[in-house]
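Colleague: My questions all concern the structure below.
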Amino acid sequence: MVTMRPIPVVLIFMVLQNCSVSGFFGWWKKCDPDVLPISKRVMVNVQLREPSGIMIWTRDSPLIEMFGIELHIGKHSHNQKDPIWDRQLMVNVTSTVDGKFLIHDRDMIVEVGDTIRYRFLVLYNQTVARSKYRDILVIDRLFYRPTNTICLSECLARDQPGYHQEILQLKKISERKILHCVGSQTTEYLFIPLESAITVVSDPMEFIKYRLGQIDDLRPLIDNVLTAYVVEDGVVVKMRTVIDKLKVLELSRKKLIVVDYDDYLNVEGSGAGQ
């Protein structure tokens, strides 16, 4: 999974309106002016490519089940006050790429001096929130150029100087903070419940690698599995670090039945004492 660098050009819009669900293209018209708490959590990023291409994305969030964009691009004319809106993009996505909801049109041509007008929608818990329109004048800094611009959504952060050292330091700091919060008894173990596991699982390492490999977000964590063994009612898995365990727990929500083995033992212990 690619971890992105700070974005030098970020287009942020946070005022949303409450809407009823009535089909993707129906969202744009059927909305009530009611601000939602999610408005403080959504950041929309835009990046342009040459000779063509536009990317719009927002980071993954438990509060976003679907992300949509209505975007228009227009050229300015000396004979008209408003731009001539001759290009548009209306797309919604429900899956994430590298931790973000990404909309990418490789054929859209955008030039310096054009105007981008957009608004976005997010769906959460059967409620649609819609932003107001935002106009952006296209300037040179919006274009991704490897020779003179910090790369944004598609470049590999690991290719940048000092990346590995920085990630290692951040992981160590995060683990120390987590251990301080949850206590030193926290382990690196996960538990996958499975009835009659001793009978159906012959190779626990292959079992966990297969399970993680079925989910795109979890596939990069396969190499961080240290050991796995079978117990009567499931498979116990040891990750390389506490951070890796927490990643699996977070990224597997609604995709894989897996629990924190520490919590599992606490429940089992409480039940045994009753």
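Every chain in the structure tokens has a letter given in the order shown (A, B, ...), and although residue numbers restart at 1 in each chain, ligands are simply numbered from 1 in the order shown.
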Compile the contact shell of Ile116 in chain A as a list in words: residues with an atom at most 9 Å away, counting only C-alpha atoms, same-chain residues fewer than 6 positions apart removed.
Modeller: Leu71, His72, Ile73, Gly74, Val110, Arg134, Asp135, Ile136, Leu137 and Val138 of chain A
Colleague: Write out as a list in words the residues lying within 12 Å of Ser77 in chain A, counting only C-alpha atoms and excluding same-chain residues fewer than 4 positions away.
Modeller: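 Everything that qualifies: Lys81, Asp82, Pro83, Ile84, Trp85, Gly113, Asp114 and Thr115 of chain A.
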Colleague: Using CA of Ile215 in chain A and CA of Lys247 in chain A as the two end points, give the distance in Å to one decimal.
Modeller: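 Those two atoms sit 12.8 Å apart.
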Colleague: DSSP on the backbone, helix (DSSP H, G or I) only: what residues of range 41-267 of chain A does that give? Format it as a short mmCIF file (atom, residue, chain, number, x, y, z; two decimals) with N, CA and C atoms, in the first residue's frame.
Modeller:
data_model
loop_
_atom_site.label_atom_id
_atom_site.label_comp_id
_atom_site.auth_asym_id
_atom_site.auth_seq_id
_atom_site.Cartn_x
_atom_site.Cartn_y
_atom_site.Cartn_z
N ASP A 140 -0.66 26.61 -13.43
CA ASP A 140 0.40 25.65 -13.71
C ASP A 140 0.65 24.69 -12.56
N ARG A 141 0.47 25.16 -11.33
CA ARG A 141 0.79 24.34 -10.16
C ARG A 141 -0.14 23.14 -10.00
N LEU A 142 -1.28 23.13 -10.68
CA LEU A 142 -2.20 22.00 -10.57
C LEU A 142 -1.75 20.79 -11.37
N ALA A 157 5.72 6.94 -2.97
CA ALA A 157 6.39 7.68 -1.91
C ALA A 157 7.72 7.02 -1.56
N ARG A 158 7.80 5.70 -1.73
CA ARG A 158 9.04 5.02 -1.35
C ARG A 158 10.23 5.40 -2.24
N ASP A 159 9.95 6.05 -3.39
CA ASP A 159 11.03 6.49 -4.26
C ASP A 159 11.63 7.81 -3.82
N TYR A 163 12.50 8.09 2.61
CA TYR A 163 11.17 7.53 2.87
C TYR A 163 11.22 6.39 3.90
N HIS A 164 12.11 5.42 3.66
CA HIS A 164 12.13 4.24 4.52
C HIS A 164 12.49 4.60 5.96
N GLN A 165 13.46 5.51 6.14
CA GLN A 165 13.83 5.93 7.49
C GLN A 165 12.68 6.65 8.18
N GLU A 166 11.98 7.47 7.42
CA GLU A 166 10.87 8.22 7.99
C GLU A 166 9.74 7.28 8.42
N ILE A 167 9.41 6.31 7.56
CA ILE A 167 8.34 5.36 7.88
C ILE A 167 8.70 4.54 9.11
N LEU A 168 9.96 4.11 9.20
CA LEU A 168 10.40 3.33 10.35
C LEU A 168 10.28 4.15 11.64
N GLN A 169 10.68 5.41 11.58
CA GLN A 169 10.56 6.27 12.75
C GLN A 169 9.11 6.48 13.16
N LEU A 170 8.25 6.71 12.17
CA LEU A 170 6.83 6.92 12.46
C LEU A 170 6.19 5.67 13.07
N LYS A 171 6.57 4.50 12.57
CA LYS A 171 6.03 3.26 13.13
C LYS A 171 6.45 3.08 14.58
N LYS A 172 7.72 3.38 14.88
CA LYS A 172 8.20 3.25 16.25
C LYS A 172 7.48 4.22 17.18
N ILE A 173 7.32 5.46 16.71
CA ILE A 173 6.62 6.46 17.52
C ILE A 173 5.17 6.04 17.76
N SER A 174 4.51 5.57 16.70
CA SER A 174 3.11 5.16 16.81
C SER A 174 2.96 4.00 17.77
N GLU A 175 3.85 3.02 17.68
CA GLU A 175 3.76 1.88 18.57
C GLU A 175 3.96 2.28 20.03
N ARG A 176 4.90 3.18 20.27
CA ARG A 176 5.13 3.64 21.65
C ARG A 176 3.89 4.34 22.19
N LYS A 177 3.26 5.17 21.35
CA LYS A 177 2.05 5.88 21.77
C LYS A 177 0.91 4.91 22.02
N ILE A 178 0.76 3.92 21.14
CA ILE A 178 -0.31 2.95 21.31
C ILE A 178 -0.11 2.12 22.57
N LEU A 179 1.11 1.65 22.77
CA LEU A 179 1.39 0.86 23.97
C LEU A 179 1.19 1.68 25.23
N HIS A 180 1.48 2.98 25.16
CA HIS A 180 1.25 3.85 26.31
C HIS A 180 -0.24 3.96 26.61
N CYS A 181 -1.05 3.99 25.54
CA CYS A 181 -2.50 4.14 25.72
C CYS A 181 -3.18 2.84 26.17
N VAL A 182 -2.82 1.74 25.53
CA VAL A 182 -3.53 0.48 25.79
C VAL A 182 -2.83 -0.40 26.81
N ALA A 197 -11.79 -25.81 13.40
CA ALA A 197 -10.58 -25.39 12.69
C ALA A 197 -9.54 -26.49 12.63
N ILE A 198 -9.41 -27.27 13.68
CA ILE A 198 -8.40 -28.33 13.72
C ILE A 198 -8.63 -29.34 12.59
N THR A 199 -9.89 -29.51 12.24
CA THR A 199 -10.23 -30.48 11.19
C THR A 199 -10.05 -29.91 9.80
N VAL A 200 -10.41 -28.64 9.61
CA VAL A 200 -10.46 -28.09 8.24
C VAL A 200 -9.20 -27.35 7.84
N PRO A 204 -1.89 -23.60 8.75
CA PRO A 204 -2.41 -22.30 9.19
C PRO A 204 -1.77 -21.11 8.49
N MET A 205 -0.47 -21.19 8.13
CA MET A 205 0.18 -20.08 7.45
C MET A 205 -0.41 -19.87 6.06
N GLU A 206 -0.61 -20.96 5.33
CA GLU A 206 -1.23 -20.85 4.01
C GLU A 206 -2.67 -20.35 4.13
N PHE A 207 -3.33 -20.77 5.19
CA PHE A 207 -4.72 -20.35 5.42
C PHE A 207 -4.81 -18.83 5.60
N ILE A 208 -3.96 -18.27 6.46
CA ILE A 208 -4.04 -16.83 6.72
C ILE A 208 -3.57 -16.04 5.51
N LYS A 209 -2.55 -16.54 4.80
CA LYS A 209 -2.08 -15.84 3.60
C LYS A 209 -3.16 -15.81 2.53
N TYR A 210 -3.90 -16.91 2.42
CA TYR A 210 -4.99 -16.95 1.45
C TYR A 210 -6.09 -15.97 1.83
N ARG A 211 -6.45 -15.93 3.12
CA ARG A 211 -7.51 -15.03 3.57
C ARG A 211 -7.12 -13.57 3.34
N LEU A 212 -5.92 -13.19 3.71
CA LEU A 212 -5.47 -11.80 3.52
C LEU A 212 -5.34 -11.47 2.04
N GLY A 213 -4.92 -12.46 1.25
CA GLY A 213 -4.72 -12.23 -0.17
C GLY A 213 -6.00 -12.00 -0.94
N ARG A 219 -3.62 -7.36 1.34
CA ARG A 219 -2.59 -8.14 0.66
C ARG A 219 -1.16 -7.70 1.00
N PRO A 220 -0.88 -6.39 1.13
CA PRO A 220 0.49 -5.98 1.48
C PRO A 220 0.94 -6.43 2.86
N LEU A 221 0.00 -6.85 3.72
CA LEU A 221 0.36 -7.25 5.08
C LEU A 221 0.71 -8.73 5.19
N ILE A 222 0.60 -9.46 4.10
CA ILE A 222 0.90 -10.89 4.16
C ILE A 222 2.33 -11.14 4.64
N ASP A 223 3.27 -10.34 4.17
CA ASP A 223 4.67 -10.53 4.54
C ASP A 223 4.93 -10.20 6.01
N ASN A 224 3.97 -9.57 6.67
CA ASN A 224 4.14 -9.22 8.09
C ASN A 224 3.52 -10.24 9.02
N VAL A 242 2.44 -4.51 16.63
CA VAL A 242 1.10 -4.13 17.05
C VAL A 242 0.43 -3.29 15.97
N ILE A 243 1.21 -2.43 15.32
CA ILE A 243 0.67 -1.61 14.25
C ILE A 243 0.10 -2.48 13.14
N ASP A 244 0.81 -3.53 12.77
CA ASP A 244 0.33 -4.44 11.73
C ASP A 244 -0.98 -5.10 12.15
N LYS A 245 -1.07 -5.48 13.42
CA LYS A 245 -2.31 -6.07 13.91
C LYS A 245 -3.47 -5.08 13.78
N LEU A 246 -3.22 -3.84 14.19
CA LEU A 246 -4.28 -2.83 14.13
C LEU A 246 -4.67 -2.53 12.69
N LYS A 247 -3.71 -2.58 11.79
CA LYS A 247 -4.03 -2.38 10.37
C LYS A 247 -4.99 -3.45 9.88
N VAL A 248 -4.71 -4.70 10.22
CA VAL A 248 -5.59 -5.79 9.79
C VAL A 248 -6.99 -5.60 10.37
N LEU A 249 -7.06 -5.25 11.64
CA LEU A 249 -8.37 -5.06 12.27
C LEU A 249 -9.15 -3.93 11.59
N GLU A 250 -8.47 -2.87 11.25
CA GLU A 250 -9.15 -1.71 10.64
C GLU A 250 -9.54 -1.99 9.19
N LEU A 251 -8.61 -2.54 8.41
CA LEU A 251 -8.86 -2.72 6.98
C LEU A 251 -9.75 -3.91 6.66
N TYR A 261 -6.95 -10.89 19.40
CA TYR A 261 -6.83 -12.08 20.25
C TYR A 261 -6.81 -11.71 21.73
N ASP A 262 -6.32 -10.51 22.05
CA ASP A 262 -6.32 -10.07 23.44
C ASP A 262 -7.75 -9.95 23.96
N ASP A 263 -8.64 -9.37 23.15
CA ASP A 263 -10.05 -9.24 23.54
C ASP A 263 -10.71 -10.62 23.62
N TYR A 264 -10.36 -11.48 22.70
CA TYR A 264 -10.91 -12.84 22.70
C TYR A 264 -10.55 -13.59 23.98
N LEU A 265 -9.29 -13.46 24.41
CA LEU A 265 -8.87 -14.14 25.63
C LEU A 265 -9.57 -13.56 26.85
N ASN A 266 -9.76 -12.22 26.86
CA ASN A 266 -10.45 -11.58 27.98
C ASN A 266 -11.89 -12.07 28.09
N VAL A 267 -12.55 -12.20 26.94
CA VAL A 267 -13.94 -12.69 26.95
C VAL A 267 -14.00 -14.11 27.41
#
Colleague: So what do you get for CA of Lys238 in chain A versus CA of Ser95 in chain A, distance-wise?
Modeller: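 If I compute the distance from CA of Lys238 in chain A to CA of Ser95 in chain A, I get 28.0 Å.
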Colleague: List as a list in words the protein and nucleic acid residues near Met108 in chain A, meaning an atom at most 8 Å away when only C-alpha atoms are counted, but skip any in the same chain fewer than 6 places from it.
Modeller: Ser52, Gly53, Ile54 and Arg87 of chain A
Colleague: Write out, as a compact mmCIF listing (two decimals), in the first residue's frame, the residues just selected, with C-alpha atoms.
Modeller:
# COMPACT_ATOMS: atom_id res chain seq x y z
CA SER A 52 -4.53 14.69 -20.73
CA GLY A 53 -5.91 13.31 -17.51
CA ILE A 54 -7.57 14.43 -14.29
CA ARG A 87 -16.38 19.11 -20.77
Colleague: For the atom pair CA of Asn45 in chain A and CA of Asp107 in chain A, what is the interatomic distance in Å to one decimal place?
Modeller: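 Going from CA of Asn45 in chain A over to CA of Asp107 in chain A covers 18.4 Å.
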Colleague: Find the spatial neighbours of Thr96 in chain A, counting only C-alpha atoms, within a cut-off of 9 Å - ignore same-chain residues fewer than 4 positions away - and output them as a PyMOL selection string.
Modeller: chain A and resi 59-60+100-102+217
Colleague: Counting only C-alpha atoms, what is within 7 Å of Asp233 in chain A, bar same-chain residues fewer than 5 positions away, as a PyMOL selection string?
Modeller: chain A and resi 193-197
Colleague: Would you please give, as a PyMOL selection string, all residues of range 155-267 of chain A that DSSP assigns to strand (DSSP E) based on the backbone?
Modeller: chain A and resi 189-193+225-231+234-239+259-260
Colleague: What does the file look like for those residues with all heavy atoms, as a compact mmCIF listing (two decimals), in the first residue's frame?
Modeller:
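Result went into selection_22.txt, see below:
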# COMPACT_ATOMS: atom_id res chain seq x y z
N TYR A 189 -1.12 -10.45 18.43
CA TYR A 189 -1.91 -11.60 17.99
C TYR A 189 -3.31 -11.23 17.53
O TYR A 189 -4.00 -10.40 18.13
CB TYR A 189 -2.00 -12.64 19.10
CG TYR A 189 -0.71 -13.39 19.33
CD1 TYR A 189 0.22 -12.93 20.25
CD2 TYR A 189 -0.42 -14.55 18.61
CE1 TYR A 189 1.42 -13.61 20.46
CE2 TYR A 189 0.78 -15.23 18.81
CZ TYR A 189 1.69 -14.75 19.74
OH TYR A 189 2.87 -15.42 19.94
N LEU A 190 -3.74 -11.89 16.46
CA LEU A 190 -5.10 -11.82 15.94
C LEU A 190 -5.75 -13.20 16.05
O LEU A 190 -5.06 -14.21 16.20
CB LEU A 190 -5.09 -11.40 14.47
CG LEU A 190 -4.60 -9.99 14.14
CD1 LEU A 190 -4.31 -9.89 12.64
CD2 LEU A 190 -5.62 -8.96 14.55
N PHE A 191 -7.06 -13.22 15.93
CA PHE A 191 -7.78 -14.50 15.99
C PHE A 191 -8.86 -14.52 14.92
O PHE A 191 -9.66 -13.59 14.81
CB PHE A 191 -8.41 -14.69 17.37
CG PHE A 191 -9.17 -15.99 17.51
CD1 PHE A 191 -8.49 -17.19 17.51
CD2 PHE A 191 -10.55 -15.99 17.63
CE1 PHE A 191 -9.17 -18.39 17.63
CE2 PHE A 191 -11.24 -17.18 17.76
CZ PHE A 191 -10.56 -18.39 17.76
N ILE A 192 -8.84 -15.57 14.09
CA ILE A 192 -9.88 -15.77 13.08
C ILE A 192 -10.77 -16.92 13.53
O ILE A 192 -10.34 -18.08 13.52
CB ILE A 192 -9.27 -16.07 11.71
CG1 ILE A 192 -8.40 -14.89 11.24
CG2 ILE A 192 -10.35 -16.36 10.68
CD1 ILE A 192 -7.75 -15.10 9.89
N PRO A 193 -11.99 -16.62 13.96
CA PRO A 193 -12.89 -17.69 14.41
C PRO A 193 -13.23 -18.64 13.26
O PRO A 193 -13.52 -18.20 12.15
CB PRO A 193 -14.14 -16.91 14.87
CG PRO A 193 -13.69 -15.50 15.07
CD PRO A 193 -12.61 -15.28 14.06
N VAL A 225 3.08 -11.36 8.47
CA VAL A 225 2.59 -12.47 9.30
C VAL A 225 3.80 -13.31 9.72
O VAL A 225 4.52 -13.85 8.88
CB VAL A 225 1.58 -13.34 8.52
CG1 VAL A 225 1.17 -14.54 9.37
CG2 VAL A 225 0.37 -12.51 8.12
N LEU A 226 4.03 -13.42 11.02
CA LEU A 226 5.19 -14.17 11.52
C LEU A 226 4.87 -15.64 11.73
O LEU A 226 5.60 -16.52 11.26
CB LEU A 226 5.69 -13.54 12.83
CG LEU A 226 6.27 -12.13 12.72
CD1 LEU A 226 6.82 -11.70 14.08
CD2 LEU A 226 7.37 -12.06 11.67
N THR A 227 3.80 -15.92 12.46
CA THR A 227 3.44 -17.30 12.75
C THR A 227 1.92 -17.42 12.78
O THR A 227 1.20 -16.42 12.90
CB THR A 227 3.98 -17.77 14.11
OG1 THR A 227 3.46 -16.92 15.15
CG2 THR A 227 5.50 -17.74 14.15
N ALA A 228 1.45 -18.64 12.69
CA ALA A 228 0.03 -18.94 12.80
C ALA A 228 -0.13 -20.37 13.30
O ALA A 228 0.66 -21.25 12.91
CB ALA A 228 -0.68 -18.75 11.46
N TYR A 229 -1.11 -20.58 14.15
CA TYR A 229 -1.37 -21.94 14.61
C TYR A 229 -2.86 -22.13 14.85
O TYR A 229 -3.63 -21.17 15.02
CB TYR A 229 -0.56 -22.27 15.87
CG TYR A 229 -0.87 -21.41 17.07
CD1 TYR A 229 -1.86 -21.76 17.98
CD2 TYR A 229 -0.12 -20.25 17.31
CE1 TYR A 229 -2.13 -20.96 19.09
CE2 TYR A 229 -0.39 -19.45 18.41
CZ TYR A 229 -1.39 -19.82 19.30
OH TYR A 229 -1.65 -19.03 20.39
N VAL A 230 -3.27 -23.39 14.82
CA VAL A 230 -4.69 -23.73 14.90
C VAL A 230 -5.07 -24.10 16.33
O VAL A 230 -4.33 -24.80 17.03
CB VAL A 230 -5.01 -24.91 13.95
CG1 VAL A 230 -6.49 -25.26 14.01
CG2 VAL A 230 -4.61 -24.57 12.53
N VAL A 231 -6.22 -23.59 16.76
CA VAL A 231 -6.82 -24.02 18.01
C VAL A 231 -8.19 -24.60 17.68
O VAL A 231 -8.60 -24.62 16.52
CB VAL A 231 -6.95 -22.84 19.01
CG1 VAL A 231 -5.58 -22.34 19.44
CG2 VAL A 231 -7.75 -21.69 18.41
N GLY A 234 -10.60 -21.88 15.94
CA GLY A 234 -10.12 -20.84 15.05
C GLY A 234 -8.62 -20.91 14.80
O GLY A 234 -7.96 -21.89 15.16
N VAL A 235 -8.10 -19.84 14.20
CA VAL A 235 -6.68 -19.75 13.88
C VAL A 235 -6.10 -18.51 14.54
O VAL A 235 -6.64 -17.41 14.40
CB VAL A 235 -6.45 -19.67 12.35
CG1 VAL A 235 -4.97 -19.51 12.03
CG2 VAL A 235 -7.02 -20.92 11.67
N VAL A 236 -5.01 -18.70 15.28
CA VAL A 236 -4.32 -17.60 15.94
C VAL A 236 -3.16 -17.15 15.06
O VAL A 236 -2.39 -17.97 14.57
CB VAL A 236 -3.80 -18.02 17.34
CG1 VAL A 236 -3.08 -16.85 18.02
CG2 VAL A 236 -4.95 -18.52 18.20
N VAL A 237 -3.04 -15.85 14.87
CA VAL A 237 -2.04 -15.29 13.97
C VAL A 237 -1.21 -14.24 14.70
O VAL A 237 -1.76 -13.38 15.39
CB VAL A 237 -2.71 -14.62 12.74
CG1 VAL A 237 -1.65 -14.06 11.80
CG2 VAL A 237 -3.62 -15.60 12.03
N LYS A 238 0.10 -14.33 14.57
CA LYS A 238 0.98 -13.32 15.15
C LYS A 238 1.52 -12.43 14.04
O LYS A 238 2.17 -12.89 13.10
CB LYS A 238 2.15 -13.96 15.90
CG LYS A 238 3.05 -12.91 16.57
CD LYS A 238 4.19 -13.54 17.36
CE LYS A 238 5.03 -12.47 18.05
NZ LYS A 238 6.16 -13.05 18.80
N MET A 239 1.25 -11.12 14.15
CA MET A 239 1.76 -10.16 13.19
C MET A 239 3.13 -9.65 13.65
O MET A 239 3.53 -9.85 14.80
CB MET A 239 0.79 -8.99 13.05
CG MET A 239 -0.61 -9.38 12.61
SD MET A 239 -0.64 -10.23 11.02
CE MET A 239 -0.03 -8.92 9.93
N VAL A 259 -10.68 -10.91 14.88
CA VAL A 259 -10.78 -10.15 16.12
C VAL A 259 -9.41 -10.04 16.78
O VAL A 259 -8.48 -10.78 16.45
CB VAL A 259 -11.78 -10.80 17.10
CG1 VAL A 259 -13.18 -10.84 16.50
CG2 VAL A 259 -11.32 -12.21 17.48
N ASP A 260 -9.32 -9.10 17.70
CA ASP A 260 -8.11 -8.95 18.50
C ASP A 260 -8.03 -10.13 19.47
O ASP A 260 -8.95 -10.36 20.26
CB ASP A 260 -8.17 -7.63 19.26
CG ASP A 260 -6.86 -7.29 19.94
OD1 ASP A 260 -6.13 -8.22 20.35
OD2 ASP A 260 -6.57 -6.09 20.09
Colleague: Could you give me, as number ranges by chain, the residues within 7 Å of range 119-124 of chain A, counting only C-alpha atoms and dropping anything in the same chain fewer than 6 positions from it?
Modeller: A: 63-71, 130-134
Colleague: Could you check the closest approach to Ser61 in chain A for each of A:Leu48, A:Asn79, A:His104, A:Thr94 and tell me which residue wins, using only C-alpha atoms?
Modeller: A:Thr94
